[in-house]
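Enquirer: Compact mmCIF, C-alpha atoms, saved as data20.txt, coming up:
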# COMPACT_ATOMS: atom_id res chain seq x y z
CA MET A 1 -25.77 -11.55 -19.80
CA HIS A 2 -29.43 -11.14 -18.86
CA ALA A 3 -30.49 -13.19 -21.88
CA VAL A 4 -28.15 -16.03 -20.92
CA LEU A 5 -29.41 -15.99 -17.33
CA ALA A 6 -33.02 -16.04 -18.52
CA THR A 7 -32.29 -19.03 -20.73
CA LEU A 8 -30.67 -20.92 -17.87
CA LEU A 9 -33.63 -20.20 -15.60
CA TRP A 10 -36.06 -21.37 -18.29
CA LEU A 11 -34.19 -24.62 -18.72
CA ALA A 12 -33.92 -25.31 -14.99
CA PRO A 13 -36.34 -27.99 -13.76
CA ALA A 14 -39.29 -26.55 -11.85
CA SER A 15 -39.11 -29.19 -9.17
CA ALA A 16 -37.36 -32.42 -8.34
CA SER A 17 -34.61 -33.90 -10.50
CA PRO A 18 -34.05 -37.61 -11.25
CA ALA A 19 -31.68 -37.72 -8.27
CA ALA A 20 -34.67 -37.03 -5.98
CA ALA A 21 -35.93 -40.58 -6.56
CA PRO A 22 -34.19 -43.54 -4.87
CA ALA A 23 -31.62 -45.29 -7.04
CA ASP A 24 -33.60 -48.53 -7.21
CA VAL A 25 -36.73 -46.68 -8.31
CA ARG A 26 -34.81 -44.75 -10.94
CA ALA A 27 -33.37 -47.98 -12.29
CA LYS A 28 -36.79 -49.62 -12.54
CA VAL A 29 -38.33 -46.59 -14.26
CA ASP A 30 -35.40 -46.32 -16.64
CA ALA A 31 -35.95 -49.98 -17.51
CA VAL A 32 -39.55 -49.15 -18.55
CA PHE A 33 -38.12 -46.64 -21.06
CA HIS A 34 -35.17 -48.79 -22.10
CA ASP A 35 -36.14 -48.81 -25.79
CA TYR A 36 -36.06 -45.00 -25.93
CA ASP A 37 -33.04 -44.28 -23.75
CA ARG A 38 -30.68 -43.71 -26.67
CA THR A 39 -29.23 -40.94 -28.80
CA ASP A 40 -30.34 -42.22 -32.22
CA SER A 41 -34.11 -42.37 -31.64
CA PRO A 42 -36.99 -40.09 -30.68
CA GLY A 43 -38.46 -40.90 -27.31
CA CYS A 44 -40.43 -39.46 -24.43
CA ALA A 45 -40.49 -37.10 -21.49
CA LEU A 46 -41.70 -38.45 -18.17
CA GLY A 47 -43.16 -36.68 -15.16
CA VAL A 48 -44.12 -38.52 -11.97
CA TYR A 49 -46.25 -36.48 -9.56
CA ARG A 50 -46.78 -37.39 -5.93
CA ASP A 51 -48.46 -35.35 -3.19
CA GLY A 52 -48.39 -32.18 -5.23
CA LYS A 53 -44.75 -32.32 -6.27
CA ILE A 54 -42.69 -33.76 -9.08
CA ALA A 55 -41.20 -36.94 -7.64
CA PHE A 56 -39.29 -37.88 -10.77
CA GLU A 57 -38.76 -36.34 -14.19
CA ARG A 58 -36.56 -37.25 -17.09
CA GLY A 59 -36.26 -37.18 -20.84
CA TYR A 60 -35.54 -40.30 -22.92
CA GLY A 61 -34.33 -40.23 -26.50
CA MET A 62 -34.04 -37.23 -28.76
CA ALA A 63 -36.24 -34.18 -29.23
CA ASP A 64 -34.50 -33.25 -32.50
CA LEU A 65 -32.47 -35.79 -34.44
CA GLU A 66 -31.17 -33.19 -36.89
CA LEU A 67 -29.73 -30.90 -34.23
CA GLY A 68 -28.86 -33.60 -31.71
CA ILE A 69 -31.08 -32.19 -28.93
CA ALA A 70 -32.23 -34.63 -26.28
CA ASN A 71 -35.72 -34.85 -24.80
CA SER A 72 -36.03 -33.31 -21.35
CA PRO A 73 -38.74 -32.44 -18.82
CA GLN A 74 -38.78 -28.98 -20.44
CA SER A 75 -39.36 -30.30 -23.98
CA VAL A 76 -42.68 -29.15 -25.47
CA PHE A 77 -44.93 -31.79 -27.07
CA ASP A 78 -48.25 -31.72 -28.88
CA ILE A 79 -50.51 -33.79 -26.62
CA GLY A 80 -53.27 -34.58 -29.14
CA SER A 81 -56.56 -35.53 -27.50
CA THR A 82 -55.19 -35.08 -24.01
CA SER A 83 -55.87 -31.43 -24.90
CA LYS A 84 -59.62 -32.04 -24.73
CA GLN A 85 -59.77 -31.60 -20.96
CA PHE A 86 -58.66 -27.97 -21.31
CA THR A 87 -61.48 -27.35 -23.79
CA ALA A 88 -63.95 -29.01 -21.45
CA PHE A 89 -62.69 -26.94 -18.51
CA SER A 90 -63.15 -23.78 -20.58
CA ILE A 91 -66.76 -24.76 -21.31
CA HIS A 92 -67.46 -25.40 -17.62
CA LEU A 93 -65.91 -22.05 -16.71
CA LEU A 94 -68.19 -20.28 -19.19
CA ALA A 95 -71.19 -22.14 -17.77
CA ARG A 96 -70.22 -20.93 -14.30
CA GLN A 97 -69.99 -17.39 -15.64
CA GLY A 98 -73.53 -17.68 -16.96
CA LYS A 99 -72.43 -17.26 -20.58
CA LEU A 100 -73.81 -20.63 -21.67
CA SER A 101 -75.61 -23.71 -20.39
CA LEU A 102 -74.49 -27.29 -20.87
CA ASP A 103 -78.02 -28.01 -22.05
CA ASP A 104 -77.93 -25.35 -24.78
CA ASP A 105 -78.75 -26.52 -28.26
CA VAL A 106 -75.47 -26.50 -30.19
CA ARG A 107 -77.27 -24.64 -32.97
CA LYS A 108 -77.78 -21.69 -30.60
CA TRP A 109 -74.04 -21.08 -30.92
CA ILE A 110 -73.26 -22.77 -34.22
CA PRO A 111 -76.24 -22.47 -36.57
CA GLU A 112 -74.07 -23.92 -39.33
CA VAL A 113 -74.68 -27.36 -37.80
CA PRO A 114 -77.77 -28.84 -39.48
CA SER A 115 -80.94 -29.61 -37.57
CA TYR A 116 -81.35 -33.37 -37.54
CA GLY A 117 -84.74 -33.37 -35.86
CA ARG A 118 -83.28 -34.02 -32.40
CA THR A 119 -81.45 -31.45 -30.28
CA VAL A 120 -77.70 -31.87 -29.92
CA THR A 121 -76.58 -30.19 -26.71
CA ILE A 122 -73.23 -29.00 -25.41
CA ARG A 123 -73.43 -31.83 -22.87
CA HIS A 124 -73.70 -34.35 -25.72
CA LEU A 125 -70.49 -32.93 -27.20
CA LEU A 126 -68.66 -33.20 -23.87
CA HIS A 127 -69.51 -36.89 -23.55
CA HIS A 128 -69.20 -38.00 -27.20
CA THR A 129 -72.88 -38.84 -27.36
CA SER A 130 -73.86 -36.39 -30.11
CA GLY A 131 -73.67 -38.88 -32.97
CA LEU A 132 -71.81 -36.35 -35.11
CA ARG A 133 -69.31 -37.90 -37.50
CA ASP A 134 -65.62 -37.31 -36.91
CA TYR A 135 -64.37 -34.47 -39.11
CA ILE A 136 -60.85 -35.91 -39.23
CA GLU A 137 -62.18 -39.11 -40.78
CA ILE A 138 -64.20 -37.05 -43.24
CA MET A 139 -61.06 -35.13 -44.24
CA ALA A 140 -59.11 -38.34 -44.66
CA LEU A 141 -61.79 -39.77 -46.94
CA GLN A 142 -61.43 -36.71 -49.15
CA GLY A 143 -57.70 -37.24 -49.42
CA MET A 144 -56.40 -34.55 -47.07
CA GLN A 145 -53.23 -35.30 -45.13
CA GLU A 146 -51.98 -33.71 -41.94
CA GLU A 147 -49.30 -31.89 -43.93
CA ASP A 148 -52.04 -29.96 -45.79
CA TRP A 149 -52.88 -26.57 -44.36
CA THR A 150 -56.44 -26.51 -43.00
CA THR A 151 -58.29 -24.19 -40.62
CA ASP A 152 -61.36 -24.01 -38.38
CA ALA A 153 -63.43 -22.97 -41.39
CA ASP A 154 -62.56 -26.23 -43.15
CA ALA A 155 -63.58 -28.40 -40.22
CA LEU A 156 -66.81 -26.50 -39.70
CA GLU A 157 -67.91 -27.02 -43.27
CA ALA A 158 -67.01 -30.71 -43.10
CA ILE A 159 -69.36 -31.08 -40.15
CA ALA A 160 -72.07 -28.83 -41.60
CA ARG A 161 -72.25 -30.87 -44.81
CA GLN A 162 -73.21 -34.09 -43.06
CA LYS A 163 -76.78 -35.12 -43.89
CA ALA A 164 -77.41 -37.20 -40.76
CA PRO A 165 -75.68 -38.19 -37.52
CA ASN A 166 -74.55 -41.73 -36.75
CA PHE A 167 -77.35 -42.07 -34.16
CA ALA A 168 -79.86 -39.95 -32.27
CA PRO A 169 -78.18 -37.67 -29.69
CA GLY A 170 -77.76 -39.46 -26.39
CA ASP A 171 -78.59 -42.91 -27.71
CA ASP A 172 -75.00 -44.13 -27.87
CA TYR A 173 -71.35 -43.24 -27.26
CA LEU A 174 -68.96 -42.73 -30.18
CA TYR A 175 -65.66 -40.94 -29.73
CA SER A 176 -65.67 -38.03 -32.17
CA ASN A 177 -63.23 -35.16 -32.57
CA SER A 178 -66.03 -33.11 -34.12
CA GLY A 179 -67.65 -32.56 -30.74
CA PHE A 180 -64.62 -31.03 -29.10
CA PHE A 181 -63.74 -28.98 -32.15
CA LEU A 182 -67.26 -27.52 -31.96
CA LEU A 183 -66.80 -26.87 -28.24
CA GLY A 184 -63.76 -24.78 -29.14
CA VAL A 185 -65.90 -22.78 -31.57
CA ILE A 186 -68.53 -22.30 -28.84
CA VAL A 187 -65.87 -20.97 -26.45
CA LYS A 188 -64.95 -18.38 -29.06
CA ARG A 189 -68.52 -17.30 -29.76
CA ALA A 190 -69.65 -17.28 -26.10
CA SER A 191 -66.58 -15.50 -24.71
CA GLY A 192 -65.54 -13.28 -27.60
CA GLN A 193 -62.03 -14.76 -27.39
CA SER A 194 -60.37 -17.51 -29.36
CA LEU A 195 -59.93 -20.75 -27.43
CA ARG A 196 -56.20 -20.02 -27.42
CA ASP A 197 -56.72 -16.61 -25.79
CA PHE A 198 -59.46 -17.78 -23.42
CA ALA A 199 -57.37 -20.67 -22.12
CA GLN A 200 -54.36 -18.42 -21.70
CA ALA A 201 -56.35 -15.84 -19.73
CA ASN A 202 -58.34 -18.29 -17.61
CA ILE A 203 -56.21 -21.44 -17.26
CA PHE A 204 -52.59 -21.36 -18.38
CA GLY A 205 -51.80 -17.83 -17.25
CA PRO A 206 -53.39 -17.97 -13.77
CA LEU A 207 -51.84 -21.38 -13.08
CA GLY A 208 -48.38 -20.32 -14.24
CA MET A 209 -48.22 -22.90 -17.04
CA ARG A 210 -45.66 -20.78 -18.87
CA HIS A 211 -44.87 -23.24 -21.64
CA THR A 212 -48.43 -24.34 -22.48
CA GLN A 213 -50.68 -23.07 -25.25
CA PHE A 214 -53.33 -23.99 -27.78
CA ASN A 215 -51.41 -23.70 -31.04
CA ASP A 216 -53.81 -22.46 -33.72
CA LEU A 217 -51.18 -21.32 -36.23
CA HIS A 218 -49.07 -23.88 -38.05
CA THR A 219 -46.25 -21.37 -38.70
CA ARG A 220 -45.90 -20.38 -35.03
CA ILE A 221 -42.47 -20.80 -33.49
CA VAL A 222 -42.76 -22.82 -30.27
CA PRO A 223 -39.57 -22.63 -28.17
CA ASN A 224 -38.08 -25.97 -27.15
CA ARG A 225 -40.63 -27.98 -29.14
CA ALA A 226 -39.75 -31.60 -29.79
CA THR A 227 -40.12 -32.67 -33.42
CA GLY A 228 -42.65 -35.40 -34.16
CA TYR A 229 -41.31 -38.53 -35.87
CA ALA A 230 -42.46 -41.87 -37.24
CA LYS A 231 -40.47 -44.93 -38.22
CA ALA A 232 -39.41 -44.75 -41.85
CA GLU A 233 -39.88 -47.53 -44.34
CA GLY A 234 -36.56 -49.32 -44.65
CA GLY A 235 -35.30 -48.18 -41.24
CA GLY A 236 -34.58 -45.00 -39.37
CA PHE A 237 -37.08 -42.21 -38.78
CA GLY A 238 -38.86 -39.52 -40.72
CA ILE A 239 -40.33 -36.20 -39.57
CA ASN A 240 -44.06 -36.53 -38.93
CA MET A 241 -45.63 -33.11 -38.36
CA GLY A 242 -48.93 -31.50 -39.33
CA ASP A 243 -50.24 -28.14 -40.53
CA TRP A 244 -53.83 -28.38 -39.30
CA GLU A 245 -54.83 -25.32 -37.29
CA GLN A 246 -58.01 -26.62 -35.63
CA VAL A 247 -58.11 -26.51 -31.84
CA GLY A 248 -60.46 -27.86 -29.21
CA ASP A 249 -60.12 -31.53 -30.05
CA GLY A 250 -56.33 -31.21 -29.81
CA ALA A 251 -53.43 -28.81 -30.42
CA VAL A 252 -52.26 -28.11 -26.86
CA GLN A 253 -48.47 -27.87 -26.67
CA THR A 254 -47.05 -28.42 -23.20
CA THR A 255 -44.39 -30.00 -20.98
CA VAL A 256 -44.50 -32.63 -18.25
CA GLU A 257 -43.59 -29.91 -15.77
CA ASP A 258 -46.54 -27.72 -16.72
CA LEU A 259 -48.89 -30.69 -16.60
CA GLN A 260 -47.98 -31.21 -12.94
CA ILE A 261 -49.38 -27.76 -12.19
CA TRP A 262 -52.61 -28.67 -14.00
CA ASP A 263 -52.81 -32.04 -12.28
CA GLN A 264 -52.47 -30.44 -8.85
CA ASN A 265 -55.41 -28.14 -9.55
CA PHE A 266 -57.68 -31.18 -9.26
CA TYR A 267 -56.56 -31.57 -5.64
CA GLU A 268 -56.18 -27.93 -4.60
CA PRO A 269 -58.17 -25.75 -7.04
CA ARG A 270 -56.59 -22.44 -7.92
CA ILE A 271 -58.87 -21.96 -10.90
CA GLY A 272 -62.44 -23.14 -10.73
CA ASP A 273 -63.65 -24.70 -7.50
CA ARG A 274 -64.44 -28.15 -6.14
CA ALA A 275 -67.95 -28.11 -7.59
CA LEU A 276 -66.62 -27.33 -11.07
CA LEU A 277 -64.01 -30.07 -10.82
CA ASP A 278 -66.71 -32.50 -9.71
CA GLU A 279 -68.64 -31.56 -12.85
CA MET A 280 -65.53 -32.29 -14.91
CA LEU A 281 -65.45 -35.76 -13.35
CA THR A 282 -69.16 -36.52 -13.78
CA VAL A 283 -69.60 -39.21 -16.40
CA GLY A 284 -72.08 -39.03 -19.23
CA VAL A 285 -75.41 -40.86 -19.15
CA LEU A 286 -77.18 -42.29 -22.20
CA ASN A 287 -80.88 -41.86 -22.88
CA ASN A 288 -81.51 -45.36 -21.54
CA GLY A 289 -79.87 -44.47 -18.21
CA LYS A 290 -76.61 -46.30 -18.82
CA LYS A 291 -73.61 -44.52 -17.31
CA LEU A 292 -70.45 -44.12 -19.35
CA THR A 293 -66.86 -44.05 -18.13
CA TYR A 294 -66.22 -40.86 -20.12
CA ALA A 295 -66.73 -37.60 -18.23
CA SER A 296 -65.64 -34.18 -19.56
CA ALA A 297 -62.56 -35.36 -21.48
CA LEU A 298 -61.54 -37.43 -18.46
CA VAL A 299 -61.97 -41.19 -18.43
CA ARG A 300 -62.94 -42.86 -15.15
CA GLY A 301 -61.53 -46.34 -14.77
CA THR A 302 -59.62 -48.73 -12.53
CA TYR A 303 -56.20 -50.31 -12.78
CA ARG A 304 -55.33 -53.32 -10.66
CA GLY A 305 -57.95 -52.34 -8.12
CA LEU A 306 -57.22 -48.62 -7.91
CA PRO A 307 -59.47 -45.88 -9.36
CA THR A 308 -57.94 -43.89 -12.21
CA VAL A 309 -58.66 -40.75 -14.20
CA SER A 310 -56.91 -40.50 -17.54
CA HIS A 311 -56.89 -39.42 -21.16
CA GLY A 312 -54.50 -40.28 -23.97
CA GLY A 313 -53.65 -38.40 -27.10
CA ALA A 314 -52.22 -39.00 -30.56
CA TRP A 315 -51.52 -36.61 -33.40
CA VAL A 316 -49.03 -37.06 -36.26
CA GLY A 317 -45.73 -38.08 -34.60
CA TYR A 318 -46.83 -37.27 -31.04
CA ARG A 319 -48.33 -39.52 -28.38
CA ALA A 320 -49.42 -38.59 -24.84
CA GLN A 321 -50.96 -39.94 -21.65
CA LEU A 322 -51.87 -38.21 -18.40
CA LEU A 323 -52.79 -40.86 -15.85
CA ARG A 324 -54.02 -40.01 -12.36
CA PHE A 325 -54.58 -42.21 -9.30
CA PRO A 326 -56.65 -39.74 -7.25
CA GLU A 327 -56.81 -41.73 -4.02
CA GLN A 328 -53.02 -42.03 -3.98
CA HIS A 329 -52.43 -38.39 -5.04
CA PHE A 330 -50.19 -39.88 -7.69
CA SER A 331 -50.00 -39.21 -11.42
CA VAL A 332 -47.85 -40.02 -14.42
CA ALA A 333 -47.46 -37.85 -17.51
CA CYS A 334 -45.77 -39.45 -20.48
CA LEU A 335 -45.30 -37.39 -23.65
CA CYS A 336 -43.60 -38.93 -26.68
CA ASN A 337 -42.44 -37.70 -30.09
CA LEU A 338 -42.57 -41.02 -31.90
CA ALA A 339 -45.77 -42.21 -33.57
CA GLU A 340 -45.08 -45.84 -32.67
CA ALA A 341 -44.62 -45.10 -28.94
CA ASN A 342 -47.26 -46.28 -26.46
CA PRO A 343 -47.29 -43.76 -23.60
CA THR A 344 -50.29 -45.43 -21.99
CA ALA A 345 -48.42 -48.70 -21.51
CA LEU A 346 -45.35 -46.75 -20.37
CA ALA A 347 -47.37 -44.74 -17.84
CA TYR A 348 -48.91 -47.88 -16.36
CA GLY A 349 -45.43 -49.40 -16.24
CA VAL A 350 -44.26 -46.47 -14.13
CA ALA A 351 -47.32 -46.82 -11.89
CA ASP A 352 -46.39 -50.47 -11.38
CA VAL A 353 -43.05 -49.33 -9.99
CA TYR A 354 -44.32 -46.66 -7.63
CA LEU A 355 -47.58 -48.25 -6.47
CA ALA A 356 -46.46 -51.87 -6.35
CA SER A 357 -47.48 -52.35 -2.72
CA GLN A 358 -51.00 -50.98 -3.32
CA LEU A 359 -51.85 -52.66 -6.60
CA GLN A 360 -53.72 -55.93 -6.86
CA PRO A 361 -51.94 -58.76 -8.66
CA ALA A 362 -51.73 -58.24 -12.40
CA SER A 363 -54.33 -60.14 -14.39
CA ALA A 364 -56.18 -59.88 -17.68
CA PRO A 365 -57.68 -56.38 -17.99
CA LYS A 366 -61.24 -56.08 -16.76
CA ALA A 367 -63.88 -54.34 -18.82
CA ALA A 368 -63.64 -51.21 -16.66
CA GLU A 369 -59.88 -51.10 -17.14
CA LYS A 370 -60.21 -51.48 -20.90
CA SER A 371 -62.70 -48.62 -20.97
CA ALA A 372 -60.22 -46.34 -19.22
CA LYS A 373 -58.73 -45.56 -22.63
CA PRO A 374 -60.72 -43.79 -25.37
CA VAL A 375 -61.53 -45.98 -28.32
CA LYS A 376 -59.85 -43.38 -30.50
CA THR A 377 -57.89 -40.17 -30.13
CA ARG A 378 -57.17 -37.24 -32.36
CA THR A 379 -54.93 -39.33 -34.52
CA ARG A 380 -53.17 -39.44 -37.84
CA SER A 381 -55.04 -41.05 -40.70
CA SER A 382 -53.46 -43.67 -42.89
CA ARG A 383 -52.29 -42.68 -46.33
CA TRP A 384 -55.13 -42.95 -48.83
CA SER A 385 -55.39 -42.19 -52.53
CA PRO A 386 -58.82 -40.69 -53.33
CA VAL A 387 -60.80 -41.67 -56.39
CA ARG A 388 -63.84 -39.91 -57.76
CA ALA A 389 -66.26 -42.61 -56.58
CA SER A 390 -65.13 -42.08 -53.01
CA TRP A 391 -66.54 -38.55 -53.00
CA LYS A 392 -70.16 -39.56 -53.56
CA GLY A 393 -72.32 -37.93 -50.94
CA SER A 394 -69.66 -35.49 -49.79
CA GLY A 395 -71.59 -32.65 -51.36
CA GLY A 396 -68.81 -31.25 -53.50
CA GLY A 397 -67.70 -33.90 -55.98
CA GLY A 398 -64.20 -33.97 -54.44
CA PRO A 399 -61.72 -31.79 -52.62
CA SER A 400 -62.13 -28.04 -52.92
CA SER A 401 -60.32 -26.19 -55.69
CA SER A 402 -58.08 -24.44 -53.17
CA PHE A 403 -57.09 -27.79 -51.66
CA ARG A 404 -56.04 -29.02 -55.10
CA ARG A 405 -53.91 -25.91 -55.56
CA ARG A 406 -52.21 -26.44 -52.22
CA ARG A 407 -51.49 -30.06 -53.08
CA ALA A 408 -50.00 -28.85 -56.37
CA GLY A 409 -47.53 -26.78 -54.41
CA SER A 410 -49.14 -23.34 -54.28
CA GLY A 411 -49.43 -23.17 -50.49
CA SER A 412 -50.85 -19.69 -50.93
CA ARG A 413 -52.93 -18.11 -48.20
CA GLY A 414 -54.73 -16.32 -51.00
CA SER A 415 -56.28 -19.61 -52.08
CA ARG A 416 -57.90 -19.94 -48.65
CA ALA A 417 -60.71 -17.54 -49.58
CA ALA A 418 -62.08 -19.95 -52.15
CA LEU A 419 -62.51 -22.63 -49.51
CA GLY A 420 -65.20 -20.77 -47.60
CA THR A 421 -65.80 -22.82 -44.47
CA SER A 422 -64.46 -26.22 -45.46
CA ARG A 423 -62.23 -28.88 -43.96
CA SER A 424 -64.02 -31.67 -45.79
Let me see the file written as structure tokens.
Expert:
Amino acid sequence: MHAVLATLLWLAPASASPAAAPADVRAKVDAVFHDYDRTDSPGCALGVYRDGKIAFERGYGMADLELGIANSPQSVFDIGSTSKQFTAFSIHLLARQGKLSLDDDVRKWIPEVPSYGRTVTIRHLLHHTSGLRDYIEIMALQGMQEEDWTTDADALEAIARQKAPNFAPGDDYLYSNSGFFLLGVIVKRASGQSLRDFAQANIFGPLGMRHTQFNDLHTRIVPNRATGYAKAEGGGFGINMGDWEQVGDGAVQTTVEDLQIWDQNFYEPRIGDRALLDEMLTVGVLNNGKKLTYASALVRGTYRGLPTVSHGGAWVGYRAQLLRFPEQHFSVACLCNLAEANPTALAYGVADVYLASQLQPASAPKAAEKSAKPVKTRTRSSRWSPVRASWKGSGGGGPSSSFRRRRAGSGSRGSRAALGTSRS
């Protein structure tokens, strides 16, 4: 009896239901998600936040096509690069605690990163101005797929083996998952806790985000998790999931209801304070003085005349967008479990409904609006068949021996020891 009651309480929406929104608004929002409002397709979960409350929430499409479970506001999604803001917040918390400085040389914490003659700082990592190559692209070039089991050690070696950065630190902006993966490693070494445990103790737990976590174990059971899908060749859908265990650049699993709690912390801080949140929103500056639109995993932009703060995400069959209009105290979270979904366009479509009277007339996107979306997220690589020539310069003549064994079907954790510290 107690177990049944607990289940019912867990499934109950934390705030407003779809009925809380006027019928005409519901109809317009439902029209935005028309393509996903069906029982034979994956889809999305939507959360609309206004003045500190959930104004509208609903699931569209299916969370699990095999079991016939629909998406709901309580469905758990991998949010890809939208996770980065939790890593950045962890770094700022540690800076406030005096355990690190944003101007620390990365090599102070991660000596495995080569010295390139110019100091790469934690601040460079936060703003994607380090010049470090993206470890996910490196892995893809060596033939690894998201279904292959890889760990932090793999990613760290992939980064450590690079002979030179793309540019001198601070000279340019280039979105790179390597930076935020390394920030996750720094959290672990500065705090003595894994990023998963640090975030739970300092962010998710104190805020009451009960269904949110950094998932650093590919075999972990995540209650109410939506399955990731992609369109299959010839029609229908196929499961599109990954076994990479790296965190920092991605790997947060959460719901639209939990994200409302996080969103509200930017208005009424329960963790951190106003000064820390202002630091989160401070954009990066290049060596030549040019200001970026990218802050600490939050992108400053405008949409039809209104300031926005946002960050999207993409990983295997998941897509995400958390879009905030700070002056209106209005936000939209759109989490999808279909690789072909575009939650950014969907989120702006919802904003068009709710903020119609405050938005300027629609026109071609301005440069600032275009920059409100990262040029790239933690995203799935295209299928690629490696050849020996493609491994020139990678330092190892091809994938590691343990990777070959896993691809051959071993899947043994025992083979992990041979990999040392490699995700390249």
Enquirer: From the set A:Gln246, A:Asn240, A:Asn177, A:Asn215, which residue has the shortest atom-to-atom contact distance to Asn337 (chain A), counting only C-alpha atoms?
Expert: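 Answer, going by the shortest atom-to-atom distance: A:Asn240.
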Enquirer: Could you give me, as a PDB file with C-alpha atoms, in the frame of the given file, the residues that have an atom at most 12 Å away from the point (-45.5, -46.7, -14.1) in the coordinates of the file, using all atoms listed in the file?
Expert:
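Printed below is point-v2.pdb as written:
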ATOM      1  CA  VAL A  25     -36.730 -46.680  -8.310  1.00  0.00           C
ATOM      2  CA  ARG A  26     -34.810 -44.750 -10.940  1.00  0.00           C
ATOM      3  CA  LYS A  28     -36.790 -49.620 -12.540  1.00  0.00           C
ATOM      4  CA  VAL A  29     -38.330 -46.590 -14.260  1.00  0.00           C
ATOM      5  CA  ASP A  30     -35.400 -46.320 -16.640  1.00  0.00           C
ATOM      6  CA  ALA A  31     -35.950 -49.980 -17.510  1.00  0.00           C
ATOM      7  CA  VAL A  32     -39.550 -49.150 -18.550  1.00  0.00           C
ATOM      8  CA  PHE A  33     -38.120 -46.640 -21.060  1.00  0.00           C
ATOM      9  CA  LEU A  46     -41.700 -38.450 -18.170  1.00  0.00           C
ATOM     10  CA  GLY A  47     -43.160 -36.680 -15.160  1.00  0.00           C
ATOM     11  CA  VAL A  48     -44.120 -38.520 -11.970  1.00  0.00           C
ATOM     12  CA  TYR A  49     -46.250 -36.480  -9.560  1.00  0.00           C
ATOM     13  CA  PHE A  56     -39.290 -37.880 -10.770  1.00  0.00           C
ATOM     14  CA  TYR A 303     -56.200 -50.310 -12.780  1.00  0.00           C
ATOM     15  CA  GLN A 321     -50.960 -39.940 -21.650  1.00  0.00           C
ATOM     16  CA  LEU A 322     -51.870 -38.210 -18.400  1.00  0.00           C
ATOM     17  CA  LEU A 323     -52.790 -40.860 -15.850  1.00  0.00           C
ATOM     18  CA  ARG A 324     -54.020 -40.010 -12.360  1.00  0.00           C
ATOM     19  CA  PHE A 325     -54.580 -42.210  -9.300  1.00  0.00           C
ATOM     20  CA  PHE A 330     -50.190 -39.880  -7.690  1.00  0.00           C
ATOM     21  CA  SER A 331     -50.000 -39.210 -11.420  1.00  0.00           C
ATOM     22  CA  VAL A 332     -47.850 -40.020 -14.420  1.00  0.00           C
ATOM     23  CA  ALA A 333     -47.460 -37.850 -17.510  1.00  0.00           C
ATOM     24  CA  CYS A 334     -45.770 -39.450 -20.480  1.00  0.00           C
ATOM     25  CA  PRO A 343     -47.290 -43.760 -23.600  1.00  0.00           C
ATOM     26  CA  THR A 344     -50.290 -45.430 -21.990  1.00  0.00           C
ATOM     27  CA  ALA A 345     -48.420 -48.700 -21.510  1.00  0.00           C
ATOM     28  CA  LEU A 346     -45.350 -46.750 -20.370  1.00  0.00           C
ATOM     29  CA  ALA A 347     -47.370 -44.740 -17.840  1.00  0.00           C
ATOM     30  CA  TYR A 348     -48.910 -47.880 -16.360  1.00  0.00           C
ATOM     31  CA  GLY A 349     -45.430 -49.400 -16.240  1.00  0.00           C
ATOM     32  CA  VAL A 350     -44.260 -46.470 -14.130  1.00  0.00           C
ATOM     33  CA  ALA A 351     -47.320 -46.820 -11.890  1.00  0.00           C
ATOM     34  CA  ASP A 352     -46.390 -50.470 -11.380  1.00  0.00           C
ATOM     35  CA  VAL A 353     -43.050 -49.330  -9.990  1.00  0.00           C
ATOM     36  CA  TYR A 354     -44.320 -46.660  -7.630  1.00  0.00           C
ATOM     37  CA  LEU A 355     -47.580 -48.250  -6.470  1.00  0.00           C
ATOM     38  CA  ALA A 356     -46.460 -51.870  -6.350  1.00  0.00           C
ATOM     39  CA  LEU A 359     -51.850 -52.660  -6.600  1.00  0.00           C
TER      40      LEU A 359
END
Enquirer: What's the separation between CA of Asp40 (chain A) and CA of Ile69 (chain A), in Å to one decimal place?
Expert: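 Those two atoms sit 10.6 Å apart.
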Enquirer: Nearest to Tyr267 (chain A) among A:Ser115, A:Gly170, A:Lys53, A:Ala70, with distances taken over only C-alpha atoms: which residue is it?
Expert: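 Nearest candidate to Tyr267 (chain A) out of A:Ser115, A:Gly170, A:Lys53, A:Ala70: A:Lys53.
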Enquirer: Just to confirm, what's the straight-line distance from CA of Gly242 (chain A) to CA of Asp216 (chain A) in Å (one decimal)?
Expert: 11.7 Å
Enquirer: For Thr219 (chain A), which residue among A:Leu100, A:Ser130, A:Lys163, A:Trp149 is the nearest when counting all atoms listed in the file?
Expert: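 With all atoms listed in the file as the atom set, the closest residue is A:Trp149.
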